[in-house]
Amino acid sequence: HFYAHEPPRSPQLLVQCQKPFNGETPHALLAGAFVTPADIHFVRNHMPLPRGLSAAEHSITIEGPGVGATTLTLHDIRTKFKAHTFCSVLQCAGNRRSEMAAYKLVEGRAPWNSGGMGNARWTGALLRDVLASLWPQELDLVNPLNNRAKHVCFIGSDQHKETGIYYEGSIPLAKVLDPLGDVLLAYEMNGQELLPDHGYPVRAIVPGYVGARQVKWLSRIVLSENESEAPWQKKDYKLLPQGVTDHEGAEGPQGWTSMPAVEVMPVQSAILTPEAGSVFAASTTEAIKVRGYAWSGAGVPIARVDVSADGATWTVARFTASEVRPSGRQWAWTLWEADVPVPEESRKKAGPLRIMCKAMDAASNTQPEKVATVWNFRGLNCNSWGNTIVRLE
Ligand code: MTE
Ligand code: MO
């Protein structure tokens with residue numbers, strides 16, 4: 001009965017789990033739109049959808065050490081603060097987990113392919129503006145580190161059915177107060193009210209950060225000396241060292257307690273089409289058209305994407321779409337395509353052909369070649385070279 005009030009969902013979403021709902025966007029649909037439509041944008045819920053939220057009645061409580069507590073209605077947030085609109089990639093830490101799991105067993109439950117990531121256009125008030133107007137004297141906006149609070153906890157309205165705790169995550173106050181940080185209290189996605197699955201009526205958008213901190217159905221914001229104590233902050237979303245291969249290890253000295261929570265995401269790229277298993281004539285002299293995405297959580301532009309069908313000769317991809325913003329605030333993905341020749345060797349025989357891509361951002365961050373390099377027990381942040389295996393017949 002906990003799940004009796006789930007919203008209607010697009011039948012196009014590939015369902016990883018029904019309760020709680022986890023669904024990803026099919027690769028070809030992601031490749032087909034620079035701005036991911038809201039109804040097919042991936043959904044990652046940890047719990048049943050919260051009930052009874054309404055934009056007209058919603059408010060957010062904001063509190064912190066030395067500043068007390070105050071409540072702002074969503075109406076205030078919409079009308080009293082300048083609205084900012086920009087594209088920002090949301091990526092689940094589990095995106096591409098299936099590739100890690102294929103290499104070695106992981107614990108994370110959903111075997112995401114490359115569709116656990118989307119690029120939507122978000123509208124909202126900057127949390128920086130909100131804090132600056134509430135506490136212009138009490139907070140040091142210029143040097144965030146001078147404040148007693150060092151973290152900002154976001155608390156949702158969805159509850160864990162056994163413990164009763166609400167979904168929660170935190171980010172550094174410095175990210176919120178950074179004039180280039182662009183942390184939003186977002187009330188629109190692609191120019192429309194948020195869909196229930198994406199956090200209606202308001203959610204946090206934390207550009208460049210892992211999806212887990214971009215709390216949906218936002219009801220409280222707590223400025224705090226410490227990061228959030230919630231399990232999603234203290235446990236689940238951490239990159240454990242490679243020696244940790246089971247639950248016992250995760251609870252041990254090299255586990256949760258010794259590793260920081262995932263924040264800024266690494267440079268990422270993946271191939272969306274052709275889909276794995278697509279068939280091409282072995283004798284073809286025509287190049288294979290390859291499409292995909294690239295993005296860097298650092299907010300710097302993608303400098304280059306290279307694509308190869310033999311790992312030795314690389315074709316430089318053409319960028320087909322991006323939203324150009326100043327470096328450090330480029331939160332949209334870059335879509336790309338490349339015409340990749342079938343290697344002479346492969347043309348003589350039928351069989352699988354692996355096509356690979358690798359991106360570099362403007363800060364020279366690159367993707368590691370092998371999944372073994374990034375494997376971790378939770379199956380998080382898989383960003384080794386993108387790939388697809390097609391068939392030559
Ligand atoms: N916020 C709440 N309140 N509850 C959640 O379960 N899941 C998080 C984040 N915010 C979650 C949440 C995770 S892990 C991800 S990846 C993103 O929401 C997914 O956002 P989306 O469902 O809009 O794509
Ligand atoms: Mo996630």
# chains A, B, ... in the order shown; residues from 1 in each chain; ligands from 1

call {"tool": "residues_near_ligand", "arguments": {"ligand": "ligand 1", "cutoff": "6 Å", "atoms": "only C-alpha atoms and all ligand atoms", "output": "compact mmCIF listing (two decimals) with C-alpha atoms, in the first residue's frame"}}
result
# COMPACT_ATOMS: atom_id res chain seq x y z
CA PHE A 42 15.38 9.01 -16.07
CA VAL A 43 13.77 8.67 -12.64
CA ARG A 44 15.57 7.56 -9.49
CA ASN A 45 13.38 7.31 -6.39
CA HIS A 46 14.49 5.74 -3.12
CA MET A 47 11.01 5.60 -1.62
CA GLN A 91 23.40 11.97 -13.58
CA CYS A 92 22.80 9.15 -11.18
CA GLY A 156 12.82 15.97 0.93
CA ASP A 158 9.56 11.29 0.86
CA TYR A 167 15.40 11.57 2.03
CA ASP A 197 8.69 12.09 -10.33
CA HIS A 198 11.15 14.97 -10.75
CA GLY A 211 22.23 13.30 -8.70
CA ALA A 212 21.86 12.10 -5.10
CA ARG A 213 22.35 15.64 -3.68
CA GLN A 214 19.72 17.20 -5.95
CA VAL A 215 16.93 16.61 -3.50
CA LYS A 216 13.37 16.42 -4.83
CA TRP A 217 10.14 17.46 -3.05

call {"tool": "closest_atom_pairs", "arguments": {"of": "chain A", "to": "ligand 2", "cutoff": "12 Å", "atoms": "only C-alpha atoms and all ligand atoms", "output": "tab-separated table"}}
result
residue	atom	partner	partner_atom_place_in_ligand_line	distance
A:Phe21	CA	ligand 2	1 (Mo)	11.9
A:Asn22	CA	ligand 2	1 (Mo)	9.4
A:Gly23	CA	ligand 2	1 (Mo)	11.2
A:Glu24	CA	ligand 2	1 (Mo)	11.3
A:Phe42	CA	ligand 2	1 (Mo)	9.9
A:Val43	CA	ligand 2	1 (Mo)	8.7
A:Arg44	CA	ligand 2	1 (Mo)	5.9
A:Asn45	CA	ligand 2	1 (Mo)	8.1
A:His46	CA	ligand 2	1 (Mo)	8.8
A:Leu90	CA	ligand 2	1 (Mo)	8.8
A:Gln91	CA	ligand 2	1 (Mo)	6.8
A:Cys92	CA	ligand 2	1 (Mo)	3.5
A:Ala93	CA	ligand 2	1 (Mo)	5.1
A:Gly94	CA	ligand 2	1 (Mo)	6.1
A:Asn95	CA	ligand 2	1 (Mo)	8.0
A:Arg96	CA	ligand 2	1 (Mo)	11.6
A:Arg97	CA	ligand 2	1 (Mo)	11.2
A:Gly108	CA	ligand 2	1 (Mo)	10.4
A:Arg109	CA	ligand 2	1 (Mo)	11.1
A:Ala110	CA	ligand 2	1 (Mo)	9.9
A:Trp112	CA	ligand 2	1 (Mo)	10.4
A:Gly115	CA	ligand 2	1 (Mo)	11.9
A:Gly116	CA	ligand 2	1 (Mo)	8.1
A:Met117	CA	ligand 2	1 (Mo)	9.3
A:Gly118	CA	ligand 2	1 (Mo)	11.9
A:Gly169	CA	ligand 2	1 (Mo)	11.4
A:Tyr209	CA	ligand 2	1 (Mo)	10.6
A:Val210	CA	ligand 2	1 (Mo)	7.1
A:Gly211	CA	ligand 2	1 (Mo)	4.9
A:Ala212	CA	ligand 2	1 (Mo)	4.7
A:Arg213	CA	ligand 2	1 (Mo)	8.4
A:Gln214	CA	ligand 2	1 (Mo)	9.0
A:Val215	CA	ligand 2	1 (Mo)	10.2
A:Lys216	CA	ligand 2	1 (Mo)	11.6
A:Trp232	CA	ligand 2	1 (Mo)	9.7
A:Gln233	CA	ligand 2	1 (Mo)	11.8
A:Asp236	CA	ligand 2	1 (Mo)	9.9
A:Tyr237	CA	ligand 2	1 (Mo)	8.3
A:Lys238	CA	ligand 2	1 (Mo)	11.7
A:Val262	CA	ligand 2	1 (Mo)	10.8
A:Glu263	CA	ligand 2	1 (Mo)	11.8
A:Met265	CA	ligand 2	1 (Mo)	11.8
A:Arg378	CA	ligand 2	1 (Mo)	11.7
A:Gly379	CA	ligand 2	1 (Mo)	11.4
A:Leu380	CA	ligand 2	1 (Mo)	9.2
A:Asn381	CA	ligand 2	1 (Mo)	10.1

call {"tool": "select_by_dssp", "arguments": {"residues": "region 326-368 of chain A", "states": "alpha helix (DSSP H)", "output": "PyMOL selection string"}}
result
chain A and resi 344-347

call {"tool": "write_last_selection", "arguments": {"atoms": "C-alpha atoms", "output": "CSV table (one decimal), in the first residue's frame"}}
result
chain,number,residue,atom,x,y,z
A,344,GLU,CA,40.5,-3.1,-42.6
A,345,GLU,CA,41.2,-6.1,-40.4
A,346,SER,CA,37.6,-6.4,-39.2
A,347,ARG,CA,36.2,-6.1,-42.7

call {"tool": "residues_around", "arguments": {"residues": "region 290-295 of chain A", "least_positions_apart": "2", "cutoff": "9 Å", "atoms": "only C-alpha atoms", "output": "count of residues only"}}
result
41

call {"tool": "select_by_dssp", "arguments": {"residues": "region 304-366 of chain A", "states": "strand (DSSP E)", "output": "list in words"}}
result
Arg304, Val305, Asp306, Val307, Ser308, Thr315, Val316, Arg318, Phe319, Thr320, Ala321, Thr334, Leu335, Trp336, Glu337, Ala338, Asp339, Val340, Gly351, Pro352, Leu353, Arg354, Ile355, Met356, Cys357, Lys358, Ala359, Met360 and Asp361 of chain A

call {"tool": "write_last_selection", "arguments": {"atoms": "C-alpha atoms", "output": "PDB file, in the first residue's frame"}}
result
ATOM      1  CA  ARG A 304      37.304  16.863 -27.604  1.00  0.00           C
ATOM      2  CA  VAL A 305      35.686  13.471 -28.062  1.00  0.00           C
ATOM      3  CA  ASP A 306      37.618  10.739 -29.904  1.00  0.00           C
ATOM      4  CA  VAL A 307      35.989   7.649 -31.328  1.00  0.00           C
ATOM      5  CA  SER A 308      37.643   4.434 -32.523  1.00  0.00           C
ATOM      6  CA  THR A 315      38.244   9.939 -35.315  1.00  0.00           C
ATOM      7  CA  VAL A 316      37.566  13.356 -33.777  1.00  0.00           C
ATOM      8  CA  ARG A 318      31.756  16.737 -34.384  1.00  0.00           C
ATOM      9  CA  PHE A 319      29.792  18.523 -31.682  1.00  0.00           C
ATOM     10  CA  THR A 320      26.139  18.736 -32.715  1.00  0.00           C
ATOM     11  CA  ALA A 321      24.633  20.522 -29.699  1.00  0.00           C
ATOM     12  CA  THR A 334      27.573  18.167 -25.451  1.00  0.00           C
ATOM     13  CA  LEU A 335      26.034  15.836 -28.004  1.00  0.00           C
ATOM     14  CA  TRP A 336      28.420  14.577 -30.667  1.00  0.00           C
ATOM     15  CA  GLU A 337      28.613  12.358 -33.723  1.00  0.00           C
ATOM     16  CA  ALA A 338      31.420  10.711 -35.658  1.00  0.00           C
ATOM     17  CA  ASP A 339      31.730   8.631 -38.822  1.00  0.00           C
ATOM     18  CA  VAL A 340      33.957   5.759 -37.826  1.00  0.00           C
ATOM     19  CA  GLY A 351      31.952 -11.136 -35.512  1.00  0.00           C
ATOM     20  CA  PRO A 352      31.685  -8.523 -32.793  1.00  0.00           C
ATOM     21  CA  LEU A 353      33.197  -5.089 -33.277  1.00  0.00           C
ATOM     22  CA  ARG A 354      33.802  -2.871 -30.268  1.00  0.00           C
ATOM     23  CA  ILE A 355      33.506   0.887 -30.839  1.00  0.00           C
ATOM     24  CA  MET A 356      34.930   3.157 -28.158  1.00  0.00           C
ATOM     25  CA  CYS A 357      34.734   6.841 -27.232  1.00  0.00           C
ATOM     26  CA  LYS A 358      36.707   9.021 -24.843  1.00  0.00           C
ATOM     27  CA  ALA A 359      36.194  12.647 -23.889  1.00  0.00           C
ATOM     28  CA  MET A 360      38.560  15.312 -22.612  1.00  0.00           C
ATOM     29  CA  ASP A 361      37.354  18.503 -20.951  1.00  0.00           C
TER      30      ASP A 361
END

call {"tool": "closest_residue", "arguments": {"among": "A:Asn113, A:Ala287, A:Thr123, A:Pro20", "to": "Glu193 (chain A)", "atoms": "only C-alpha atoms"}}
result
A:Thr123

call {"tool": "residues_around", "arguments": {"residues": "Gly52 (chain A)", "least_positions_apart": "3", "cutoff": "12 Å", "atoms": "only C-alpha atoms", "output": "VMD selection string"}}
result
chain A and resid 5 to 6 49 55 to 58 157 to 158 196 200 to 201 217

call {"tool": "write_last_selection", "arguments": {"atoms": "C-alpha atoms", "output": "PDB file, in the first residue's frame"}}
result
ATOM      1  CA  HIS A   5      -0.108   6.542  -5.160  1.00  0.00           C
ATOM      2  CA  GLU A   6       2.556   6.448  -7.841  1.00  0.00           C
ATOM      3  CA  LEU A  49       6.321   9.293  -3.930  1.00  0.00           C
ATOM      4  CA  ALA A  55       2.623  24.301  -5.473  1.00  0.00           C
ATOM      5  CA  ALA A  56      -0.014  26.686  -4.104  1.00  0.00           C
ATOM      6  CA  GLU A  57       0.466  25.549  -0.508  1.00  0.00           C
ATOM      7  CA  HIS A  58       4.094  24.481  -0.422  1.00  0.00           C
ATOM      8  CA  SER A 157       9.227  14.990   1.709  1.00  0.00           C
ATOM      9  CA  ASP A 158       9.561  11.290   0.863  1.00  0.00           C
ATOM     10  CA  PRO A 196       5.783  14.475  -9.645  1.00  0.00           C
ATOM     11  CA  TYR A 200       7.084  18.676  -7.817  1.00  0.00           C
ATOM     12  CA  PRO A 201       6.676  21.330  -6.634  1.00  0.00           C
ATOM     13  CA  TRP A 217      10.144  17.462  -3.050  1.00  0.00           C
TER      14      TRP A 217
END

call {"tool": "residues_around", "arguments": {"residues": "region 240-244 of chain A", "least_positions_apart": "4", "cutoff": "8 Å", "atoms": "only C-alpha atoms", "output": "NGL selection string"}}
result
:A and (249-250 or 254-256 or 259 or 375-378)

call {"tool": "atom_distance", "arguments": {"atom1": "CA of Thr388 (chain A)", "atom2": "CA of Asp246 (chain A)"}}
result
29.1 Å

call {"tool": "closest_residue", "arguments": {"among": "A:Leu72, A:Ala149, A:Val15, A:Cys382", "to": "Asn226 (chain A)", "atoms": "only C-alpha atoms"}}
result
A:Ala149

call {"tool": "atom_distance", "arguments": {"atom1": "CA of Ala372 (chain A)", "atom2": "CA of Leu29 (chain A)"}}
result
28.9 Å

call {"tool": "residues_around", "arguments": {"residues": "Asp140 (chain A)", "least_positions_apart": "2", "cutoff": "12 Å", "atoms": "only C-alpha atoms", "output": "list of chain:residue names"}}
result
A:Gly66, A:Val67, A:Arg128, A:Leu131, A:Ala132, A:Trp135, A:Pro136, A:Gln137, A:Glu138, A:Val142, A:Asn143, A:Pro144, A:Leu145, A:Asn146, A:Asn147, A:Arg148, A:Ala149, A:Lys150, A:Leu173, A:Ala174, A:Leu177, A:Asp178

call {"tool": "write_last_selection", "arguments": {"atoms": "C-alpha atoms", "output": "short mmCIF file (atom, residue, chain, number, x, y, z; two decimals), in the first residue's frame"}}
result
data_model
loop_
_atom_site.label_atom_id
_atom_site.label_comp_id
_atom_site.auth_asym_id
_atom_site.auth_seq_id
_atom_site.Cartn_x
_atom_site.Cartn_y
_atom_site.Cartn_z
CA GLY A 66 23.29 31.82 14.37
CA VAL A 67 20.49 32.64 11.94
CA ARG A 128 22.54 32.17 -2.86
CA LEU A 131 20.23 33.27 1.75
CA ALA A 132 21.62 36.72 0.94
CA TRP A 135 20.60 36.93 6.35
CA PRO A 136 22.65 39.71 4.74
CA GLN A 137 24.39 40.52 8.06
CA GLU A 138 24.50 37.11 9.66
CA VAL A 142 32.05 36.84 0.27
CA ASN A 143 34.10 34.32 2.18
CA PRO A 144 31.89 31.28 2.83
CA LEU A 145 34.51 29.65 5.04
CA ASN A 146 34.08 32.40 7.65
CA ASN A 147 30.61 31.09 8.45
CA ARG A 148 29.93 28.71 11.30
CA ALA A 149 27.85 26.59 8.96
CA LYS A 150 29.96 24.72 6.42
CA LEU A 173 27.94 25.95 1.83
CA ALA A 174 30.82 27.20 -0.34
CA LEU A 177 27.55 30.86 -1.96
CA ASP A 178 29.92 30.59 -4.94
#

call {"tool": "closest_residue", "arguments": {"among": "A:Leu13, A:Ala186, A:Val222, A:Ala261", "to": "Leu126 (chain A)", "atoms": "only C-alpha atoms"}}
result
A:Ala186

call {"tool": "closest_residue", "arguments": {"among": "A:Ala33, A:Leu195, A:Leu127, A:Ile165", "to": "Pro231 (chain A)", "atoms": "only C-alpha atoms"}}
result
A:Ile165
